[in-house]
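Next comes final-v1.cif, with mmCIF, C-alpha atoms.
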```cif
data_entry
#
loop_
_atom_site.label_atom_id
_atom_site.label_comp_id
_atom_site.auth_asym_id
_atom_site.auth_seq_id
_atom_site.Cartn_x
_atom_site.Cartn_y
_atom_site.Cartn_z
CA SER N 92 -8.70 -6.80 -28.32
CA ASN N 93 -12.42 -7.09 -28.89
CA GLU N 94 -12.50 -9.98 -26.42
CA ARG N 95 -10.89 -7.88 -23.70
CA LYS N 96 -13.25 -4.98 -24.41
CA LYS N 97 -16.25 -7.27 -24.01
CA GLU N 98 -14.81 -8.58 -20.75
CA LEU N 99 -14.37 -5.04 -19.40
CA ILE N 100 -17.95 -4.08 -20.21
CA ASP N 101 -19.52 -7.37 -19.05
CA SER N 102 -17.71 -7.29 -15.70
CA ARG N 103 -19.47 -4.03 -14.89
CA VAL N 104 -22.83 -4.31 -16.64
CA LYS N 105 -23.63 -7.96 -15.96
CA SER N 106 -22.82 -7.66 -12.25
CA ALA N 107 -25.18 -4.67 -11.88
CA ASN N 108 -27.85 -6.46 -13.91
CA LEU N 109 -27.56 -9.55 -11.70
CA LEU N 110 -28.07 -7.45 -8.57
CA PHE N 111 -30.97 -5.56 -10.12
CA GLU N 112 -32.84 -8.66 -11.29
CA ASN N 113 -32.50 -10.39 -7.91
CA ILE N 114 -33.41 -7.31 -5.86
CA LYS N 115 -36.48 -6.83 -8.05
CA LYS N 116 -37.43 -10.52 -7.82
CA LEU N 117 -36.94 -10.73 -4.05
CA LYS N 118 -38.46 -7.28 -3.48
CA THR N 119 -35.46 -6.34 -1.34
CA PRO N 120 -35.92 -2.87 0.20
CA LEU N 121 -32.92 -0.63 -0.44
CA ARG N 122 -32.26 2.92 0.77
CA GLY N 123 -30.01 3.41 -2.23
CA PHE N 124 -27.71 1.85 -4.79
CA ILE N 125 -24.11 3.11 -5.04
CA SER N 126 -21.98 2.46 -8.10
CA ALA N 127 -18.49 3.33 -9.21
CA SER N 128 -17.86 4.80 -12.64
CA GLY N 129 -14.91 6.60 -14.19
CA ILE N 130 -13.94 10.01 -15.51
CA GLY N 131 -13.48 8.12 -18.77
CA TYR N 132 -17.18 8.96 -19.19
CA TYR N 133 -16.11 12.30 -20.68
CA GLY N 134 -13.81 10.59 -23.17
CA ALA N 135 -10.04 10.47 -23.43
CA VAL N 136 -9.39 13.99 -24.67
CA THR N 137 -6.99 16.78 -23.78
CA SER N 138 -8.48 20.26 -23.71
CA GLU N 139 -8.77 23.34 -21.54
CA ASN N 140 -12.45 22.61 -20.92
CA ILE N 141 -13.45 21.78 -17.36
CA PHE N 142 -15.85 18.83 -17.40
CA ASP N 143 -18.60 18.68 -14.81
CA GLU N 144 -21.39 16.18 -14.24
CA THR N 145 -23.62 17.86 -16.83
CA SER N 146 -21.01 17.55 -19.61
CA LYS N 147 -21.73 15.20 -22.49
CA ALA N 148 -20.23 11.72 -22.66
CA GLY N 149 -17.29 11.10 -24.96
CA ASN N 150 -17.43 8.90 -28.04
CA ASP N 151 -14.51 6.51 -27.48
CA PHE N 152 -14.30 3.10 -25.84
CA LEU N 153 -13.65 4.44 -22.33
CA ALA N 154 -16.79 6.53 -22.58
CA GLU N 155 -18.73 3.53 -23.88
CA ILE N 156 -17.75 1.46 -20.82
CA CYS N 157 -18.83 4.21 -18.44
CA LYS N 158 -22.11 4.96 -20.24
CA LYS N 159 -23.16 1.29 -20.17
CA TRP N 160 -21.95 0.90 -16.57
CA GLU N 161 -23.96 3.92 -15.43
CA ALA N 162 -27.04 2.86 -17.39
CA ALA N 163 -26.95 -0.49 -15.57
CA ALA N 164 -26.81 1.32 -12.22
CA LEU N 165 -29.49 3.87 -13.08
CA GLN N 166 -32.07 1.14 -13.78
CA PHE N 167 -32.48 0.87 -10.00
CA GLU N 168 -34.34 4.17 -10.17
CA ASN N 169 -37.11 2.25 -12.00
CA GLU N 170 -37.74 0.52 -8.65
CA LYS N 171 -37.79 3.86 -6.79
CA ILE N 172 -34.30 3.20 -5.41
CA PRO N 173 -32.07 6.34 -5.31
CA VAL N 174 -28.76 5.92 -7.16
CA THR N 175 -25.33 7.38 -6.42
CA ILE N 176 -22.57 7.22 -9.05
CA LEU N 177 -18.97 8.27 -8.38
CA ARG N 178 -16.97 9.00 -11.53
CA THR N 179 -13.48 8.27 -10.24
CA GLY N 180 -10.10 9.59 -11.34
CA VAL N 181 -6.69 8.05 -10.70
CA VAL N 182 -6.71 6.77 -7.12
CA LEU N 183 -3.51 7.40 -5.14
CA SER N 184 -2.67 4.81 -2.50
CA SER N 185 0.41 3.69 -0.60
CA THR N 186 -0.44 0.03 -1.18
CA GLY N 187 -0.14 -0.23 -4.95
CA GLY N 188 -2.22 0.96 -7.87
CA ALA N 189 -1.11 3.73 -10.21
CA LEU N 190 1.24 5.46 -7.77
CA ALA N 191 3.41 2.38 -7.30
CA LYS N 192 3.97 2.24 -11.09
CA MET N 193 4.87 5.94 -11.19
CA LYS N 194 7.61 5.65 -8.56
CA THR N 195 10.38 4.89 -11.03
CA PRO N 196 14.12 5.60 -10.39
CA ILE N 197 13.82 8.56 -12.76
CA VAL N 198 10.44 10.30 -12.94
CA THR N 199 9.29 11.64 -16.32
CA PRO N 200 6.04 12.94 -17.80
CA LEU N 201 4.25 10.91 -20.49
CA GLY N 202 3.46 11.77 -24.09
CA SER N 203 3.07 15.50 -24.57
CA GLY N 204 3.11 16.07 -20.81
CA LYS N 205 0.28 18.58 -21.34
CA GLN N 206 -2.57 16.14 -20.72
CA PHE N 207 -4.31 16.51 -17.37
CA LEU N 208 -4.25 13.76 -14.77
CA PRO N 209 -7.32 13.95 -12.49
CA TRP N 210 -6.50 12.21 -9.21
CA ILE N 211 -7.90 11.51 -5.75
CA HIS N 212 -6.41 10.25 -2.48
CA MET N 213 -7.70 6.83 -1.44
CA ASP N 214 -8.86 8.18 1.94
CA ASP N 215 -10.97 10.89 0.31
CA LEU N 216 -12.54 8.35 -2.03
CA CYS N 217 -13.43 6.09 0.90
CA GLU N 218 -14.94 9.08 2.71
CA MET N 219 -17.10 9.82 -0.33
CA TYR N 220 -18.53 6.31 -0.25
CA LEU N 221 -19.16 6.63 3.48
CA LYS N 222 -20.93 9.95 2.91
CA ALA N 223 -23.08 8.34 0.23
CA VAL N 224 -24.04 5.54 2.63
CA GLU N 225 -24.54 7.56 5.80
CA ASN N 226 -25.95 10.83 4.44
CA ASN N 227 -28.08 9.60 1.55
CA LEU N 228 -25.93 11.42 -1.00
CA HIS N 229 -27.72 10.72 -4.27
CA GLY N 230 -26.83 11.64 -7.84
CA ILE N 231 -23.77 11.60 -10.06
CA PHE N 232 -20.52 13.08 -8.72
CA ASN N 233 -16.95 13.42 -9.95
CA ALA N 234 -14.64 11.70 -7.47
CA VAL N 235 -11.49 13.76 -8.09
CA ALA N 236 -9.45 16.21 -6.04
CA PRO N 237 -10.04 19.91 -6.77
CA GLU N 238 -6.42 20.62 -7.78
CA PHE N 239 -5.58 20.28 -11.49
CA HIS N 240 -2.30 18.72 -12.64
CA THR N 241 -0.83 17.92 -16.03
CA SER N 242 1.33 14.87 -16.52
CA PHE N 243 4.32 17.24 -16.39
CA SER N 244 3.40 18.99 -13.13
CA PHE N 245 2.24 15.75 -11.52
CA SER N 246 5.54 14.02 -12.33
CA LYS N 247 7.58 16.97 -11.10
CA THR N 248 5.67 17.06 -7.78
CA LEU N 249 6.02 13.29 -7.40
CA ALA N 250 9.77 13.37 -8.06
CA LYS N 251 10.23 16.02 -5.38
CA SER N 252 8.11 14.06 -2.91
CA ILE N 253 9.97 10.75 -3.33
CA GLN N 254 13.34 12.49 -3.79
CA LYS N 255 14.04 11.02 -7.21
CA PRO N 256 15.49 12.76 -10.27
CA PHE N 257 12.97 14.48 -12.53
CA VAL N 258 13.64 14.57 -16.28
CA GLY N 259 11.32 16.91 -18.15
CA ILE N 260 11.69 15.04 -21.45
CA PRO N 261 8.48 12.99 -21.76
CA VAL N 262 8.28 9.30 -22.61
CA PRO N 263 7.34 9.27 -26.33
CA SER N 264 3.74 8.44 -27.17
CA PHE N 265 4.71 5.73 -29.67
CA LEU N 266 6.53 3.75 -26.97
CA LEU N 267 3.48 3.78 -24.73
CA LYS N 268 1.31 2.67 -27.65
CA ILE N 269 3.67 -0.24 -28.30
CA MET N 270 3.55 -1.23 -24.62
CA PHE N 271 -0.15 -0.74 -23.91
CA GLY N 272 -1.86 -0.78 -27.30
CA GLU N 273 -5.13 1.11 -27.63
CA MET N 274 -5.41 1.58 -23.86
CA ALA N 275 -2.35 3.86 -23.92
CA ILE N 276 -4.88 6.61 -24.55
CA ILE N 277 -5.59 6.56 -20.79
CA LEU N 278 -2.03 7.77 -20.20
CA LEU N 279 -1.77 10.11 -23.17
CA GLU N 280 -4.98 12.10 -22.92
CA GLY N 281 -6.80 13.84 -20.08
CA SER N 282 -8.76 16.99 -19.23
CA LYS N 283 -9.71 19.00 -16.18
CA ILE N 284 -12.53 17.45 -14.14
CA SER N 285 -14.55 19.57 -11.73
CA ALA N 286 -15.00 18.60 -8.06
CA LYS N 287 -17.34 21.51 -7.29
CA LYS N 288 -20.58 19.51 -7.16
CA ILE N 289 -19.40 17.10 -4.43
CA GLU N 290 -18.04 20.05 -2.44
CA LYS N 291 -21.33 21.95 -2.76
CA ASN N 292 -23.03 18.85 -1.33
CA GLY N 293 -21.03 19.16 1.88
CA PHE N 294 -17.96 17.04 1.15
CA SER N 295 -14.64 18.35 2.50
CA PHE N 296 -11.42 16.99 1.00
CA ARG N 297 -8.67 16.05 3.43
CA PHE N 298 -6.18 16.08 0.54
CA LYS N 299 -6.91 19.02 -1.73
CA THR N 300 -3.37 19.30 -3.06
CA LEU N 301 -1.14 16.67 -4.62
CA GLU N 302 1.76 17.70 -2.40
CA LYS N 303 -0.28 17.02 0.75
CA ALA N 304 -1.57 13.73 -0.66
CA LEU N 305 1.92 12.46 -1.49
CA ASP N 306 3.30 13.62 1.86
CA SER N 307 0.65 11.51 3.65
CA PHE N 308 2.24 8.34 2.24
CA LYS N 309 5.55 9.10 3.94
CA ILE N 310 4.09 8.56 7.42
#
```
What would you get if you wrote out this structure as structure tokens?
Amino acid sequence: SNERKKELIDSRVKSANLLFENIKKLKTPLRGFISASGIGYYGAVTSENIFDETSKAGNDFLAEICKKWEAAALQFENEKIPVTILRTGVVLSSTGGALAKMKTPIVTPLGSGKQFLPWIHMDDLCEMYLKAVENNLHGIFNAVAPEFHTSFSFSKTLAKSIQKPFVGIPVPSFLLKIMFGEMAIILLEGSKISAKKIEKNGFSFRFKTLEKALDSFKI
């Protein structure tokens, strides 16, 4: 709904604006400002293109959220404060989030199954934030693992990891649209997102492959 959309944008933009106005008013010295963002910046599209940090923003609602969110963070540069933005993919964790919802008795891909699902292990994401804090990592970076997976290949790898049956017949798009409305696009569309920039800046992934990431949750 329009009300929910406004809430999603305000929760990100107004919080950053509040921090900015008070830091400016109190003349608080900062070494940097670190903000989350999302790979939704590139838009909810499925293509063979590999999006990197120089790629243009999309033109849908997900992209709108991210553009306004990042603009609110980047205003800190007006006060000579370096900014770091991490455009985050689907975060995999053993304590809930997306992975918990994917662990169904029978694992299936969604929609066409051909859409890409950029992901990152929670530990790697935390390490990125630590690197940004401790090593003055400034700029915009994609926070995704370097291995590409479609909804089909992701589901098949997950089923093997949790030892559940895998059915290659995808959940129909119309069912997801009935369940989730307009936001079903998050599940139904997705492209390859590059992790090369963060790696070139000295970051080493502990979990480069989905298989290794999922195996870590068995411990």
field: Spatial neighbours of Ile289 in chain N, max dist 8 Å, all atoms listed in the file, sep filter under 6 positions, as a VMD selection string
entry: chain N and resid 232 to 234
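With all atoms listed in the file as the basis for measurement, N:Thr119 is the residue among N:Ser185, N:Thr119, N:Thr195, N:Ser138 that approaches Ile172 in chain N most closely.
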Mind working out the centre and edge lengths of an axis-aligned box for range 137-152 of chain N, all listed atoms inside, 5 Å added to each side, rounded to one decimal in Å and written as lines of an AutoDock Vina configuration file?
```
center_x = -15.3
center_y = 13.2
center_z = -21.1
size_x = 26.6
size_y = 30.2
size_z = 23.8
```
Range 195-231 of chain N residues near range 258-270 of chain N within 8 Å, closest pair each, using all atoms listed in the file, as a tab-separated table:
```
residue	atom	partner	partner_atom	distance
N:Ile197	CA	N:Val258	CA	7.0
N:Val198	CA	N:Val258	CA	6.3
N:Thr199	CA	N:Val258	CA	5.2
N:Pro200	CA	N:Pro261	CA	4.7
N:Leu201	CA	N:Val262	CA	4.8
N:Gly202	CA	N:Ser264	CA	4.5
N:Ser203	CA	N:Pro261	CA	6.6
N:Gly204	CA	N:Pro261	CA	6.3
```
Residue contacts of range 300-304 of chain N (10 Å, only C-alpha atoms) excluding same-chain residues fewer than 2 positions away, as an mmCIF file with C-alpha atoms, in the frame of the given file:
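Saved to out-v7.cif:
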```cif
data_model
loop_
_atom_site.group_PDB
_atom_site.id
_atom_site.type_symbol
_atom_site.label_atom_id
_atom_site.label_comp_id
_atom_site.auth_asym_id
_atom_site.auth_seq_id
_atom_site.Cartn_x
_atom_site.Cartn_y
_atom_site.Cartn_z
ATOM 1 C CA LEU N 183 -3.510 7.400 -5.140
ATOM 2 C CA SER N 184 -2.670 4.810 -2.500
ATOM 3 C CA TRP N 210 -6.500 12.210 -9.210
ATOM 4 C CA ILE N 211 -7.900 11.510 -5.750
ATOM 5 C CA HIS N 212 -6.410 10.250 -2.480
ATOM 6 C CA MET N 213 -7.700 6.830 -1.440
ATOM 7 C CA ASP N 214 -8.860 8.180 1.940
ATOM 8 C CA ASP N 215 -10.970 10.890 0.310
ATOM 9 C CA ALA N 236 -9.450 16.210 -6.040
ATOM 10 C CA PRO N 237 -10.040 19.910 -6.770
ATOM 11 C CA GLU N 238 -6.420 20.620 -7.780
ATOM 12 C CA PHE N 239 -5.580 20.280 -11.490
ATOM 13 C CA HIS N 240 -2.300 18.720 -12.640
ATOM 14 C CA SER N 244 3.400 18.990 -13.130
ATOM 15 C CA PHE N 245 2.240 15.750 -11.520
ATOM 16 C CA THR N 248 5.670 17.060 -7.780
ATOM 17 C CA LEU N 249 6.020 13.290 -7.400
ATOM 18 C CA LYS N 251 10.230 16.020 -5.380
ATOM 19 C CA SER N 252 8.110 14.060 -2.910
ATOM 20 C CA PHE N 296 -11.420 16.990 1.000
ATOM 21 C CA ARG N 297 -8.670 16.050 3.430
ATOM 22 C CA PHE N 298 -6.180 16.080 0.540
ATOM 23 C CA ASP N 306 3.300 13.620 1.860
ATOM 24 C CA SER N 307 0.650 11.510 3.650
ATOM 25 C CA PHE N 308 2.240 8.340 2.240
ATOM 26 C CA LYS N 309 5.550 9.100 3.940
#
```
query: To one decimal place, how far is CA of Phe294 in chain N from CA of Val104 in chain N in Å?
result: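 Between CA of Phe294 in chain N and CA of Val104 in chain N the gap is 28.2 Å.
The gap separating CA of Glu139 in chain N from CA of Lys205 in chain N is 10.2 Å, in Å to one decimal.
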message: Using only C-alpha atoms, can you tell me which of N:Lys288, N:Lys222, N:Lys283, N:Lys105 comes closest to Asn140 in chain N?
response: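 Between N:Lys288, N:Lys222, N:Lys283, N:Lys105, the residue approaching Asn140 in chain N most closely is N:Lys283.
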Target residues per the PyMOL selection byres ((chain N and resi 282) around 8), formatted as a PyMOL selection string: chain N and resi 135-142+206-209+280-281+283-284
Keeping only C-alpha atoms, write the selected residues as a PDB file, in the coordinates of the input.
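The resulting result10.pdb:
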```
ATOM      1  CA  ALA N 135     -10.040  10.470 -23.430  1.00  0.00           C
ATOM      2  CA  VAL N 136      -9.390  13.990 -24.670  1.00  0.00           C
ATOM      3  CA  THR N 137      -6.990  16.780 -23.780  1.00  0.00           C
ATOM      4  CA  SER N 138      -8.480  20.260 -23.710  1.00  0.00           C
ATOM      5  CA  GLU N 139      -8.770  23.340 -21.540  1.00  0.00           C
ATOM      6  CA  ASN N 140     -12.450  22.610 -20.920  1.00  0.00           C
ATOM      7  CA  ILE N 141     -13.450  21.780 -17.360  1.00  0.00           C
ATOM      8  CA  PHE N 142     -15.850  18.830 -17.400  1.00  0.00           C
ATOM      9  CA  GLN N 206      -2.570  16.140 -20.720  1.00  0.00           C
ATOM     10  CA  PHE N 207      -4.310  16.510 -17.370  1.00  0.00           C
ATOM     11  CA  LEU N 208      -4.250  13.760 -14.770  1.00  0.00           C
ATOM     12  CA  PRO N 209      -7.320  13.950 -12.490  1.00  0.00           C
ATOM     13  CA  GLU N 280      -4.980  12.100 -22.920  1.00  0.00           C
ATOM     14  CA  GLY N 281      -6.800  13.840 -20.080  1.00  0.00           C
ATOM     15  CA  LYS N 283      -9.710  19.000 -16.180  1.00  0.00           C
ATOM     16  CA  ILE N 284     -12.530  17.450 -14.140  1.00  0.00           C
TER      17      ILE N 284
END
```
- prompt: How many Å lie between CA of Lys159 in chain N and CA of Arg103 in chain N, rounded to one decimal?
  reply: 8.4 Å
field: Residues in the PyMOL selection byres ((chain N and resi 107-115) around 9), expressed as JSON, numbers by chain
entry: {"N": [102, 103, 104, 105, 106, 116, 117, 118, 119, 120, 121, 126, 160, 163, 164, 166, 167, 170]}
field: Test item: the PyMOL selection byres ((chain N and resi 231) around 12) resolved as an NGL selection string
entry: :N and (124-130 or 132 or 143-146 or 161-162 or 164-165 or 173-179 or 219 or 223 or 228-230 or 232-234 or 286 or 288-289 or 292)
query: Which of these, N:Arg95, N:Leu190, N:Gly131, N:Arg122, has the shortest distance to Ile276 in chain N once you count all atoms listed in the file?
result: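 Ranking N:Arg95, N:Leu190, N:Gly131, N:Arg122 by distance to Ile276 in chain N, first place goes to N:Gly131.
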Output as a PDB file, in the coordinates of the input: range 215-226 of chain N, completed with all heavy atoms.
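Okay, out.pdb is ready:
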```pdb
ATOM      1  N   ASP N 215      -9.852  10.030   0.708  1.00  0.00           N
ATOM      2  CA  ASP N 215     -10.970  10.890   0.310  1.00  0.00           C
ATOM      3  C   ASP N 215     -12.022  10.094  -0.458  1.00  0.00           C
ATOM      4  O   ASP N 215     -13.224  10.314  -0.277  1.00  0.00           O
ATOM      5  CB  ASP N 215     -10.464  12.049  -0.554  1.00  0.00           C
ATOM      6  CG  ASP N 215      -9.908  13.196   0.286  1.00  0.00           C
ATOM      7  OD1 ASP N 215     -10.367  13.367   1.434  1.00  0.00           O
ATOM      8  OD2 ASP N 215      -9.018  13.918  -0.199  1.00  0.00           O
ATOM      9  N   LEU N 216     -11.579   9.173  -1.288  1.00  0.00           N
ATOM     10  CA  LEU N 216     -12.540   8.350  -2.030  1.00  0.00           C
ATOM     11  C   LEU N 216     -13.370   7.491  -1.078  1.00  0.00           C
ATOM     12  O   LEU N 216     -14.589   7.391  -1.225  1.00  0.00           O
ATOM     13  CB  LEU N 216     -11.805   7.459  -3.036  1.00  0.00           C
ATOM     14  CG  LEU N 216     -12.690   6.590  -3.926  1.00  0.00           C
ATOM     15  CD1 LEU N 216     -13.640   7.438  -4.759  1.00  0.00           C
ATOM     16  CD2 LEU N 216     -11.845   5.695  -4.824  1.00  0.00           C
ATOM     17  N   CYS N 217     -12.702   6.893  -0.091  1.00  0.00           N
ATOM     18  CA  CYS N 217     -13.430   6.090   0.900  1.00  0.00           C
ATOM     19  C   CYS N 217     -14.439   6.955   1.661  1.00  0.00           C
ATOM     20  O   CYS N 217     -15.569   6.519   1.934  1.00  0.00           O
ATOM     21  CB  CYS N 217     -12.452   5.444   1.867  1.00  0.00           C
ATOM     22  SG  CYS N 217     -11.457   4.136   1.119  1.00  0.00           S
ATOM     23  N   GLU N 218     -14.042   8.176   1.997  1.00  0.00           N
ATOM     24  CA  GLU N 218     -14.940   9.080   2.710  1.00  0.00           C
ATOM     25  C   GLU N 218     -16.159   9.439   1.863  1.00  0.00           C
ATOM     26  O   GLU N 218     -17.263   9.620   2.378  1.00  0.00           O
ATOM     27  CB  GLU N 218     -14.201  10.350   3.132  1.00  0.00           C
ATOM     28  CG  GLU N 218     -13.225  10.165   4.287  1.00  0.00           C
ATOM     29  CD  GLU N 218     -13.930   9.822   5.595  1.00  0.00           C
ATOM     30  OE1 GLU N 218     -15.096  10.230   5.772  1.00  0.00           O
ATOM     31  OE2 GLU N 218     -13.320   9.133   6.423  1.00  0.00           O
ATOM     32  N   MET N 219     -15.961   9.536   0.553  1.00  0.00           N
ATOM     33  CA  MET N 219     -17.100   9.820  -0.330  1.00  0.00           C
ATOM     34  C   MET N 219     -18.114   8.687  -0.283  1.00  0.00           C
ATOM     35  O   MET N 219     -19.330   8.926  -0.240  1.00  0.00           O
ATOM     36  CB  MET N 219     -16.609  10.022  -1.769  1.00  0.00           C
ATOM     37  CG  MET N 219     -16.014  11.372  -2.033  1.00  0.00           C
ATOM     38  SD  MET N 219     -15.705  11.604  -3.809  1.00  0.00           S
ATOM     39  CE  MET N 219     -14.742  13.111  -3.748  1.00  0.00           C
ATOM     40  N   TYR N 220     -17.613   7.457  -0.313  1.00  0.00           N
ATOM     41  CA  TYR N 220     -18.530   6.310  -0.250  1.00  0.00           C
ATOM     42  C   TYR N 220     -19.252   6.281   1.098  1.00  0.00           C
ATOM     43  O   TYR N 220     -20.450   5.993   1.169  1.00  0.00           O
ATOM     44  CB  TYR N 220     -17.776   5.005  -0.494  1.00  0.00           C
ATOM     45  CG  TYR N 220     -17.573   4.707  -1.962  1.00  0.00           C
ATOM     46  CD1 TYR N 220     -16.361   4.976  -2.590  1.00  0.00           C
ATOM     47  CD2 TYR N 220     -18.607   4.179  -2.732  1.00  0.00           C
ATOM     48  CE1 TYR N 220     -16.182   4.721  -3.945  1.00  0.00           C
ATOM     49  CE2 TYR N 220     -18.441   3.921  -4.081  1.00  0.00           C
ATOM     50  CZ  TYR N 220     -17.224   4.188  -4.675  1.00  0.00           C
ATOM     51  OH  TYR N 220     -17.051   3.943  -6.023  1.00  0.00           O
ATOM     52  N   LEU N 221     -18.528   6.592   2.164  1.00  0.00           N
ATOM     53  CA  LEU N 221     -19.160   6.630   3.480  1.00  0.00           C
ATOM     54  C   LEU N 221     -20.249   7.710   3.529  1.00  0.00           C
ATOM     55  O   LEU N 221     -21.324   7.503   4.097  1.00  0.00           O
ATOM     56  CB  LEU N 221     -18.116   6.891   4.569  1.00  0.00           C
ATOM     57  CG  LEU N 221     -17.198   5.718   4.916  1.00  0.00           C
ATOM     58  CD1 LEU N 221     -16.100   6.171   5.857  1.00  0.00           C
ATOM     59  CD2 LEU N 221     -18.000   4.582   5.530  1.00  0.00           C
ATOM     60  N   LYS N 222     -19.951   8.860   2.934  1.00  0.00           N
ATOM     61  CA  LYS N 222     -20.930   9.950   2.910  1.00  0.00           C
ATOM     62  C   LYS N 222     -22.172   9.532   2.121  1.00  0.00           C
ATOM     63  O   LYS N 222     -23.304   9.835   2.511  1.00  0.00           O
ATOM     64  CB  LYS N 222     -20.317  11.217   2.305  1.00  0.00           C
ATOM     65  CG  LYS N 222     -21.244  12.434   2.358  1.00  0.00           C
ATOM     66  CD  LYS N 222     -20.530  13.679   1.893  1.00  0.00           C
ATOM     67  CE  LYS N 222     -21.446  14.898   1.927  1.00  0.00           C
ATOM     68  NZ  LYS N 222     -21.922  15.233   3.277  1.00  0.00           N
ATOM     69  N   ALA N 223     -21.944   8.808   1.033  1.00  0.00           N
ATOM     70  CA  ALA N 223     -23.080   8.340   0.230  1.00  0.00           C
ATOM     71  C   ALA N 223     -23.947   7.363   1.014  1.00  0.00           C
ATOM     72  O   ALA N 223     -25.174   7.380   0.911  1.00  0.00           O
ATOM     73  CB  ALA N 223     -22.568   7.681  -1.048  1.00  0.00           C
ATOM     74  N   VAL N 224     -23.307   6.527   1.834  1.00  0.00           N
ATOM     75  CA  VAL N 224     -24.040   5.540   2.630  1.00  0.00           C
ATOM     76  C   VAL N 224     -24.754   6.202   3.811  1.00  0.00           C
ATOM     77  O   VAL N 224     -25.948   5.968   4.048  1.00  0.00           O
ATOM     78  CB  VAL N 224     -23.085   4.443   3.158  1.00  0.00           C
ATOM     79  CG1 VAL N 224     -23.793   3.542   4.157  1.00  0.00           C
ATOM     80  CG2 VAL N 224     -22.545   3.612   1.999  1.00  0.00           C
ATOM     81  N   GLU N 225     -24.031   7.041   4.538  1.00  0.00           N
ATOM     82  CA  GLU N 225     -24.540   7.560   5.800  1.00  0.00           C
ATOM     83  C   GLU N 225     -25.422   8.795   5.658  1.00  0.00           C
ATOM     84  O   GLU N 225     -26.272   9.051   6.502  1.00  0.00           O
ATOM     85  CB  GLU N 225     -23.356   7.886   6.723  1.00  0.00           C
ATOM     86  CG  GLU N 225     -22.544   6.644   7.109  1.00  0.00           C
ATOM     87  CD  GLU N 225     -21.265   6.995   7.851  1.00  0.00           C
ATOM     88  OE1 GLU N 225     -20.937   8.206   7.935  1.00  0.00           O
ATOM     89  OE2 GLU N 225     -20.591   6.067   8.337  1.00  0.00           O
ATOM     90  N   ASN N 226     -25.229   9.561   4.583  1.00  0.00           N
ATOM     91  CA  ASN N 226     -25.950  10.830   4.440  1.00  0.00           C
ATOM     92  C   ASN N 226     -26.890  10.865   3.242  1.00  0.00           C
ATOM     93  O   ASN N 226     -27.346  11.935   2.844  1.00  0.00           O
ATOM     94  CB  ASN N 226     -24.946  11.994   4.348  1.00  0.00           C
ATOM     95  CG  ASN N 226     -24.078  12.109   5.584  1.00  0.00           C
ATOM     96  OD1 ASN N 226     -22.973  11.570   5.617  1.00  0.00           O
ATOM     97  ND2 ASN N 226     -24.562  12.791   6.592  1.00  0.00           N
TER      98      ASN N 226
END
```
